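What follows is model.cif (mmCIF, C-alpha atoms).
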data_start
loop_
_atom_site.label_atom_id
_atom_site.label_comp_id
_atom_site.auth_asym_id
_atom_site.auth_seq_id
_atom_site.Cartn_x
_atom_site.Cartn_y
_atom_site.Cartn_z
CA MET A 1093 35.25 169.53 120.72
CA LYS A 1094 38.42 171.58 121.18
CA PRO A 1095 40.76 171.69 118.14
CA ARG A 1096 44.20 170.11 118.28
CA ASN A 1097 46.50 172.23 120.39
CA ASN A 1098 50.24 171.64 120.83
CA VAL A 1099 50.83 174.78 122.91
CA THR A 1100 50.93 174.24 126.68
CA GLU A 1101 52.37 177.65 127.57
CA PHE A 1102 52.92 181.09 126.11
CA VAL A 1103 56.03 183.29 126.33
CA LEU A 1104 55.27 186.93 127.14
CA LEU A 1105 57.80 189.44 125.80
CA GLY A 1106 56.72 192.08 128.32
CA LEU A 1107 57.17 195.83 127.99
CA THR A 1108 60.94 196.01 127.49
CA GLU A 1109 63.99 193.76 127.17
CA SER A 1110 66.30 196.34 128.79
CA VAL A 1111 67.56 195.14 132.20
CA GLN A 1112 67.70 198.71 133.53
CA GLY A 1113 64.22 199.38 132.15
CA GLN A 1114 62.86 196.25 133.83
CA LYS A 1115 64.24 197.36 137.22
CA ILE A 1116 62.52 200.73 136.86
CA LEU A 1117 59.27 199.08 135.77
CA PHE A 1118 59.40 196.63 138.69
CA VAL A 1119 59.61 199.43 141.27
CA MET A 1120 57.09 201.63 139.48
CA PHE A 1121 54.42 198.95 138.99
CA LEU A 1122 54.89 197.57 142.51
CA LEU A 1123 54.23 201.05 143.94
CA ILE A 1124 51.24 201.55 141.62
CA TYR A 1125 49.77 198.20 142.66
CA VAL A 1126 50.19 198.98 146.37
CA VAL A 1127 48.53 202.40 145.91
CA THR A 1128 45.70 200.79 143.90
CA MET A 1129 44.99 198.12 146.51
CA VAL A 1130 45.24 200.49 149.48
CA GLY A 1131 43.02 203.11 147.80
CA SER A 1132 40.40 200.63 146.57
CA LEU A 1133 40.22 198.63 149.79
CA LEU A 1134 40.08 201.82 151.87
CA ILE A 1135 36.99 202.92 149.94
CA VAL A 1136 35.40 199.45 150.20
CA LEU A 1137 36.01 199.30 153.97
CA THR A 1138 34.72 202.85 154.40
CA MET A 1139 31.50 201.95 152.56
CA VAL A 1140 31.07 198.81 154.66
CA PHE A 1141 31.73 200.28 158.12
CA SER A 1142 30.53 203.86 157.78
CA SER A 1143 26.95 204.42 158.91
CA THR A 1144 26.67 207.72 157.03
CA LEU A 1145 27.50 206.42 153.54
CA ASN A 1146 24.28 204.59 152.72
CA SER A 1147 23.27 206.29 149.47
CA PRO A 1148 22.96 204.35 146.19
CA MET A 1149 25.96 206.27 144.79
CA CYS A 1150 28.16 205.06 147.66
CA PHE A 1151 26.83 201.51 147.18
CA PHE A 1152 27.92 201.53 143.52
CA LEU A 1153 31.19 203.30 144.29
CA GLY A 1154 32.11 200.58 146.79
CA TYR A 1155 31.60 197.90 144.15
CA LEU A 1156 33.50 199.94 141.54
CA SER A 1157 36.47 200.07 143.91
CA PHE A 1158 36.21 196.31 144.48
CA ILE A 1159 36.16 195.73 140.70
CA ASP A 1160 39.22 197.98 140.26
CA ALA A 1161 41.11 195.98 142.91
CA VAL A 1162 40.34 192.62 141.27
CA TYR A 1163 40.87 193.97 137.74
CA SER A 1164 44.33 195.24 138.67
CA THR A 1165 45.18 192.00 140.51
CA THR A 1166 44.37 190.01 137.36
CA VAL A 1167 47.24 191.68 135.51
CA THR A 1168 49.74 193.51 137.72
CA PRO A 1169 51.13 190.82 140.10
CA LYS A 1170 51.87 188.40 137.23
CA MET A 1171 53.57 191.18 135.26
CA ILE A 1172 55.66 192.23 138.29
CA ILE A 1173 56.75 188.61 138.90
CA ASN A 1174 57.61 188.12 135.22
CA ILE A 1175 59.93 191.13 135.28
CA LEU A 1176 62.16 189.17 137.71
CA TYR A 1177 62.56 186.25 135.27
CA GLU A 1178 64.48 186.16 132.02
CA LYS A 1179 61.90 183.86 130.41
CA LYS A 1180 58.40 185.16 131.06
CA THR A 1181 55.93 182.30 130.62
CA ILE A 1182 52.28 181.66 131.39
CA SER A 1183 50.53 178.31 131.02
CA PHE A 1184 47.74 177.91 128.48
CA GLN A 1185 45.09 177.46 131.18
CA ALA A 1186 46.41 180.43 133.21
CA CYS A 1187 46.36 182.52 130.03
CA MET A 1188 42.71 181.61 129.40
CA THR A 1189 41.85 182.32 133.03
CA GLN A 1190 43.52 185.73 132.89
CA LEU A 1191 41.67 186.54 129.66
CA PHE A 1192 38.32 185.53 131.18
CA ILE A 1193 38.74 187.44 134.48
CA GLU A 1194 40.14 190.50 132.70
CA HIS A 1195 37.08 190.74 130.43
CA LEU A 1196 34.66 189.74 133.19
CA PHE A 1197 35.63 192.64 135.43
CA GLY A 1198 36.32 194.99 132.51
CA GLY A 1199 32.80 194.32 131.21
CA MET A 1200 31.38 194.78 134.70
CA GLU A 1201 33.14 198.13 135.06
CA VAL A 1202 31.71 199.36 131.76
CA LEU A 1203 28.17 198.45 132.81
CA LEU A 1204 28.62 199.77 136.35
CA LEU A 1205 29.71 203.15 134.95
CA VAL A 1206 26.44 203.17 132.98
CA VAL A 1207 24.50 202.36 136.16
CA MET A 1208 26.30 205.16 138.03
CA ALA A 1209 25.42 207.60 135.24
CA CYS A 1210 21.75 206.59 135.58
CA ASP A 1211 22.03 207.10 139.33
CA ARG A 1212 23.38 210.63 138.86
CA TYR A 1213 20.67 211.42 136.31
CA VAL A 1214 17.91 210.42 138.74
CA ALA A 1215 19.59 212.21 141.66
CA ILE A 1216 19.99 215.51 139.79
CA CYS A 1217 17.01 215.53 137.41
CA LYS A 1218 14.43 213.84 139.68
CA PRO A 1219 15.68 214.60 143.22
CA LEU A 1220 12.27 214.30 144.91
CA HIS A 1221 11.82 210.74 143.61
CA TYR A 1222 15.48 209.67 143.94
CA LEU A 1223 15.20 207.36 146.96
CA THR A 1224 11.94 205.90 145.64
CA ILE A 1225 13.37 205.10 142.19
CA MET A 1226 16.86 204.06 143.34
CA ASN A 1227 15.71 201.87 146.24
CA GLN A 1228 17.76 198.98 147.58
CA ARG A 1229 16.03 196.38 145.40
CA VAL A 1230 16.68 198.38 142.22
CA CYS A 1231 20.34 198.92 143.17
CA VAL A 1232 20.88 195.20 143.75
CA MET A 1233 19.15 194.36 140.45
CA LEU A 1234 21.32 196.85 138.54
CA LEU A 1235 24.45 195.42 140.15
CA LEU A 1236 23.32 191.91 139.25
CA LEU A 1237 22.78 193.00 135.64
CA ALA A 1238 26.36 194.33 135.58
CA TRP A 1239 27.63 190.95 136.84
CA VAL A 1240 25.58 189.02 134.27
CA GLY A 1241 26.58 191.36 131.43
CA GLY A 1242 30.27 191.13 132.32
CA PHE A 1243 30.04 187.34 132.60
CA LEU A 1244 28.38 186.95 129.19
CA HIS A 1245 30.93 189.26 127.59
CA ALA A 1246 33.84 187.29 129.13
CA VAL A 1247 32.35 183.90 128.12
CA VAL A 1248 32.04 185.04 124.49
CA GLN A 1249 35.68 186.19 124.47
CA LEU A 1250 36.89 182.95 126.03
CA LEU A 1251 34.92 180.73 123.66
CA PHE A 1252 36.34 182.57 120.65
CA VAL A 1253 39.94 181.98 121.75
CA TYR A 1254 39.58 178.57 123.40
CA SER A 1255 38.17 177.08 120.19
CA LEU A 1256 41.20 178.14 118.15
CA PRO A 1257 44.08 175.77 117.28
CA PHE A 1258 47.47 176.88 118.64
CA CYS A 1259 49.93 174.54 116.95
CA GLY A 1260 53.13 176.50 116.51
CA PRO A 1261 54.31 179.93 117.63
CA ASN A 1262 53.69 180.67 121.30
CA VAL A 1263 55.44 184.03 121.77
CA ILE A 1264 53.04 186.85 122.69
CA ASP A 1265 54.42 190.34 122.07
CA HIS A 1266 52.62 191.71 125.12
CA PHE A 1267 52.65 191.53 128.93
CA ILE A 1268 49.18 189.95 129.26
CA CYS A 1269 46.98 187.51 127.39
CA ASP A 1270 44.58 189.57 125.29
CA MET A 1271 42.42 188.94 122.25
CA TYR A 1272 44.37 190.38 119.33
CA PRO A 1273 47.83 189.03 120.34
CA LEU A 1274 46.27 185.55 120.80
CA LEU A 1275 44.39 185.67 117.50
CA LYS A 1276 47.70 186.48 115.80
CA LEU A 1277 49.16 183.15 117.03
CA ALA A 1278 46.21 180.95 116.04
CA TYR A 1279 46.90 178.42 113.27
CA THR A 1280 43.83 179.38 111.24
CA ASP A 1281 42.13 182.30 109.54
CA THR A 1282 40.84 184.55 112.35
CA CYS A 1283 39.43 187.35 110.21
CA ILE A 1284 35.79 186.62 111.07
CA ILE A 1285 36.52 186.16 114.75
CA GLY A 1286 38.56 189.37 114.73
CA LEU A 1287 35.63 191.32 113.28
CA THR A 1288 33.36 189.76 115.91
CA VAL A 1289 35.75 190.98 118.61
CA VAL A 1290 35.57 194.47 117.09
CA ALA A 1291 31.77 194.25 117.33
CA ASN A 1292 31.81 192.75 120.83
CA ASP A 1293 34.41 195.10 122.30
CA GLY A 1294 34.83 198.13 120.07
CA ALA A 1295 31.25 198.79 119.01
CA ILE A 1296 29.93 198.28 122.53
CA CYS A 1297 32.56 200.69 123.91
CA VAL A 1298 31.67 203.36 121.34
CA VAL A 1299 27.91 203.01 121.83
CA ILE A 1300 28.09 203.05 125.63
CA PHE A 1301 30.64 205.88 125.65
CA THR A 1302 28.38 207.95 123.38
CA LEU A 1303 25.32 207.25 125.54
CA LEU A 1304 27.27 208.22 128.67
CA LEU A 1305 28.38 211.50 127.12
CA ILE A 1306 24.79 212.26 126.08
CA SER A 1307 23.46 211.41 129.54
CA TYR A 1308 26.02 213.66 131.23
CA GLY A 1309 25.20 216.38 128.70
CA VAL A 1310 21.54 216.16 129.77
CA ILE A 1311 22.56 216.21 133.44
CA LEU A 1312 24.80 219.26 133.01
CA HIS A 1313 22.05 221.04 131.05
CA SER A 1314 19.62 220.47 133.92
CA LEU A 1315 21.96 222.07 136.48
CA LYS A 1316 20.54 225.51 135.68
CA ASN A 1317 17.47 224.54 137.73
CA LEU A 1318 19.55 223.93 140.88
CA SER A 1319 20.75 226.34 143.54
CA GLN A 1320 24.37 227.47 143.49
CA GLU A 1321 25.30 225.02 146.26
CA GLY A 1322 23.42 222.18 144.55
CA ARG A 1323 25.09 223.04 141.25
CA ARG A 1324 28.54 223.00 142.86
CA LYS A 1325 27.94 219.62 144.52
CA ALA A 1326 26.48 218.10 141.34
CA LEU A 1327 29.38 219.38 139.22
CA SER A 1328 31.89 217.90 141.68
CA THR A 1329 30.23 214.47 141.60
CA CYS A 1330 29.63 214.45 137.83
CA GLY A 1331 33.15 215.72 137.22
CA SER A 1332 34.55 212.66 139.02
CA HIS A 1333 32.34 210.30 137.01
CA ILE A 1334 33.15 211.94 133.66
CA THR A 1335 36.89 211.79 134.43
CA VAL A 1336 36.68 208.06 135.24
CA VAL A 1337 34.62 207.42 132.09
CA LEU A 1338 37.18 209.21 129.89
CA LEU A 1339 40.13 207.42 131.52
CA PHE A 1340 38.54 204.01 130.94
CA PHE A 1341 36.81 204.35 127.58
CA VAL A 1342 39.24 206.41 125.48
CA PRO A 1343 42.10 203.84 125.65
CA CYS A 1344 39.61 200.96 125.14
CA ILE A 1345 38.23 202.61 122.00
CA PHE A 1346 41.74 203.04 120.60
CA LEU A 1347 42.49 199.38 121.38
CA TYR A 1348 39.39 197.74 119.92
CA VAL A 1349 37.73 200.11 117.42
CA ARG A 1350 39.93 199.20 114.47
CA PRO A 1351 40.61 196.22 112.18
CA PRO A 1352 42.03 193.25 114.18
CA SER A 1353 45.76 193.89 114.50
CA THR A 1354 48.49 194.53 117.05
CA LEU A 1355 50.29 197.88 117.19
CA PRO A 1356 53.30 199.04 119.27
CA ILE A 1357 51.09 201.54 121.15
CA ASP A 1358 48.81 198.72 122.36
CA LYS A 1359 51.08 197.92 125.31
CA SER A 1360 51.04 201.51 126.58
CA LEU A 1361 47.25 201.75 126.19
CA THR A 1362 46.77 198.43 128.00
CA VAL A 1363 49.01 199.62 130.84
CA PHE A 1364 46.79 202.68 131.15
CA CYS A 1365 43.54 200.65 131.09
CA THR A 1366 44.54 197.82 133.39
CA ILE A 1367 47.07 199.40 135.76
CA ILE A 1368 46.96 203.22 135.79
CA THR A 1369 43.17 203.75 135.65
CA PRO A 1370 42.37 201.39 138.59
CA MET A 1371 44.92 203.36 140.64
CA LEU A 1372 43.47 206.75 139.66
CA ASN A 1373 39.80 205.89 140.23
CA PRO A 1374 39.94 205.75 144.07
CA LEU A 1375 42.05 208.92 144.14
CA ILE A 1376 39.61 210.77 141.88
CA TYR A 1377 36.57 209.80 143.94
CA THR A 1378 38.09 210.44 147.38
CA LEU A 1379 39.77 213.73 146.47
CA ARG A 1380 36.61 215.17 144.88
CA ASN A 1381 34.03 213.81 147.33
CA GLY A 1382 33.89 215.58 150.67
CA GLU A 1383 31.34 213.10 152.05
CA ILE A 1384 33.71 210.16 151.54
CA LYS A 1385 36.71 212.06 152.91
CA ASN A 1386 34.77 213.00 156.07
CA ALA A 1387 33.59 209.41 156.53
CA MET A 1388 37.19 208.15 156.23
CA LYS A 1389 38.39 210.69 158.80
CA LYS A 1390 35.63 209.70 161.26
CA LEU A 1391 36.43 205.99 160.85
CA TRP A 1392 40.15 206.62 161.31
CA ILE A 1393 39.56 208.69 164.48
CA ARG A 1394 37.15 206.04 165.82
CA LYS A 1395 39.69 203.24 165.21
CA ARG A 1396 42.44 205.16 167.02
CA LYS A 1397 40.33 205.68 170.16
#
Written as structure tokens, that's how I'd like the structure from this file.
Amino acid sequence: MKPRNNVTEFVLLGLTESVQGQKILFVMFLLIYVVTMVGSLLIVLTMVFSSTLNSPMCFFLGYLSFIDAVYSTTVTPKMIINILYEKKTISFQACMTQLFIEHLFGGMEVLLLVVMACDRYVAICKPLHYLTIMNQRVCVMLLLLAWVGGFLHAVVQLLFVYSLPFCGPNVIDHFICDMYPLLKLAYTDTCIIGLTVVANDGAICVVIFTLLLISYGVILHSLKNLSQEGRRKALSTCGSHITVVLLFFVPCIFLYVRPPSTLPIDKSLTVFCTIITPMLNPLIYTLRNGEIKNAMKKLWIRKRK
């Protein structure tokens, strides 16, 4: 049974109270969101309609771009709209929904990055068995595991917060509904729950980040067995993956690997995780992947004819 709750909406303080600053942020985040959606959807459409991009890597990259688009949409439009209003509010149910979707797709992205690292390991270290190991059935199963893992992670986060009593303060010093700012408002001792969040978010991020670095270390070590052309291509692909991993995990580790608390830098780190990184991911992959760029050019030429 849900505890007594007198709060029907939360007030979000946003990033700044300066009117001039809000105007700048409105334009900046609107442009970032447009670039994110165009870049992500362009990759998704290219993967769907291109007959040449049928490798497991392209399959996972298409879903990563889809996740980035939804992940950004969970946060950015609401924040852009709130900038236009003096009082920035979000209903309790909308807050819980945002929290759930944010952690669902954030958890999925973490697991999908692990899957993509496994894909690169098999492709580079076991090239003769690549298509046998990473067949269509395996790819679908790995994607399904990412969905299930993200869902379980999000459900745990939601249950923690939804069971808390919110009976008084409803002002969140943030631009989104996230775990630590919400725990700070709960009318009860949240120390145990806060430590559980550290274990659920922080520890998982550190462990997975460490495993990813080790896996890429093994991959890079094995490049000495490849030809110069193979080494160049592998370095280009792995370089893109490592860049995306660093952009996503480093801010997350700073946010969650610490005692439960809110710090002024949290807003900037959250902006980077939820808004900047989804915009950069499509750019990183398209700029460093000649196969994808060529497929986009062919599709564009075909559409114009």
In terms of the shortest atom-to-atom distance over all atoms listed in the file, which of A:Leu1134, A:Ile1216, A:Glu1101, A:Thr1128 is closest to Leu1391 of chain A?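 Among the listed residues, the smallest separation from Leu1391 of chain A belongs to A:Leu1134.
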Smallest atom-to-atom distance to Ile1124 of chain A: which of A:Leu1176, A:Leu1156, A:Ile1368, A:Ile1296, using only C-alpha atoms?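 Of the candidates, the smallest distance to Ile1124 of chain A is held by A:Ile1368.
Residue membership of the PyMOL selection byres ((chain A and resi 1354) around 9) in the shown file amounts to A:Asp1265, A:Tyr1272, A:Pro1273, A:Lys1276, A:Leu1347, A:Pro1352, A:Ser1353, A:Leu1355, A:Pro1356, A:Ile1357, A:Asp1358.
Minimum distance to Met1149 of chain A across A:Tyr1377, A:Phe1184, A:Tyr1163, A:Phe1121 (counting all atoms listed in the file) occurs at A:Tyr1377.
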Which one is closest to Phe1102 of chain A: A:His1221, A:Arg1229, A:Lys1316, A:Lys1180? Count only C-alpha atoms.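 So, comparing all the options, the nearest one is A:Lys1180.
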Can you tell me which residues surround Met1388 of chain A at a distance of at most 10 Å, considering only C-alpha atoms, apart from same-chain residues fewer than 3 positions away, and format the answer as a list in words?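 Skipping anything fewer than 3 positions along the chain leaves Leu1134, Ile1135, Leu1137, Thr1138, Met1139, Phe1141, Ser1142, Thr1378, Gly1382, Glu1383, Ile1384, Lys1385, Leu1391, Trp1392, Ile1393 and Arg1394 of chain A.
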For atom CA of Gly1260 of chain A and atom CA of Tyr1279 of chain A, quote the distance in Å rounded to one decimal.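 For atom CA of Gly1260 of chain A relative to atom CA of Tyr1279 of chain A, the distance reads 7.3 Å.
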For the structure shown, which residues end up in the PyMOL selection byres ((chain A and resi 1252) around 10)? Put them as a tab-separated table (two decimals) with C-alpha atoms, keeping the file's coordinate frame, please?
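Result file follows (part_24.tsv):
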chain	number	residue	atom	x	y	z
A	1247	VAL	CA	32.35	183.90	128.12
A	1248	VAL	CA	32.04	185.04	124.49
A	1249	GLN	CA	35.68	186.19	124.47
A	1250	LEU	CA	36.89	182.95	126.03
A	1251	LEU	CA	34.92	180.73	123.66
A	1253	VAL	CA	39.94	181.98	121.75
A	1254	TYR	CA	39.58	178.57	123.40
A	1255	SER	CA	38.17	177.08	120.19
A	1256	LEU	CA	41.20	178.14	118.15
A	1271	MET	CA	42.42	188.94	122.25
A	1275	LEU	CA	44.39	185.67	117.50
A	1282	THR	CA	40.84	184.55	112.35
A	1285	ILE	CA	36.52	186.16	114.75
A	1286	GLY	CA	38.56	189.37	114.73
A	1288	THR	CA	33.36	189.76	115.91
A	1289	VAL	CA	35.75	190.98	118.61
Once the PyMOL selection byres ((chain A and resi 1302-1314) around 7) has been evaluated on this model, what residues remain selected, and can you format them as a PyMOL selection string? chain A and resi 1206+1209+1213+1216-1217+1298-1301+1315-1317
Could you write out the selected residues, including C-alpha atoms, as a PDB file, keeping the file's coordinate frame?
ATOM      1  CA  VAL A1206      26.440 203.170 132.980  1.00  0.00           C
ATOM      2  CA  ALA A1209      25.420 207.600 135.240  1.00  0.00           C
ATOM      3  CA  TYR A1213      20.670 211.420 136.310  1.00  0.00           C
ATOM      4  CA  ILE A1216      19.990 215.510 139.790  1.00  0.00           C
ATOM      5  CA  CYS A1217      17.010 215.530 137.410  1.00  0.00           C
ATOM      6  CA  VAL A1298      31.670 203.360 121.340  1.00  0.00           C
ATOM      7  CA  VAL A1299      27.910 203.010 121.830  1.00  0.00           C
ATOM      8  CA  ILE A1300      28.090 203.050 125.630  1.00  0.00           C
ATOM      9  CA  PHE A1301      30.640 205.880 125.650  1.00  0.00           C
ATOM     10  CA  LEU A1315      21.960 222.070 136.480  1.00  0.00           C
ATOM     11  CA  LYS A1316      20.540 225.510 135.680  1.00  0.00           C
ATOM     12  CA  ASN A1317      17.470 224.540 137.730  1.00  0.00           C
TER      13      ASN A1317
END
Distance of atom CA of Val1230 of chain A from atom CA of Val1130 of chain A, expressed in Å to one decimal place: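 Answer for the atom CA of Val1130 of chain A to atom CA of Val1230 of chain A separation: 29.5 Å.
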Find the distance between atom CA of Cys1283 of chain A and atom CA of Val1349 of chain A and write it in Å to one decimal.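 Atom CA of Cys1283 of chain A sits 14.8 Å away from atom CA of Val1349 of chain A.
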Nearest to Gly1199 of chain A, chosen from A:Cys1330, A:Leu1274, A:Leu1244, A:Leu1361, with all atoms listed in the file counted in the distances: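 Nearest candidate to Gly1199 of chain A out of A:Cys1330, A:Leu1274, A:Leu1244, A:Leu1361: A:Leu1244.
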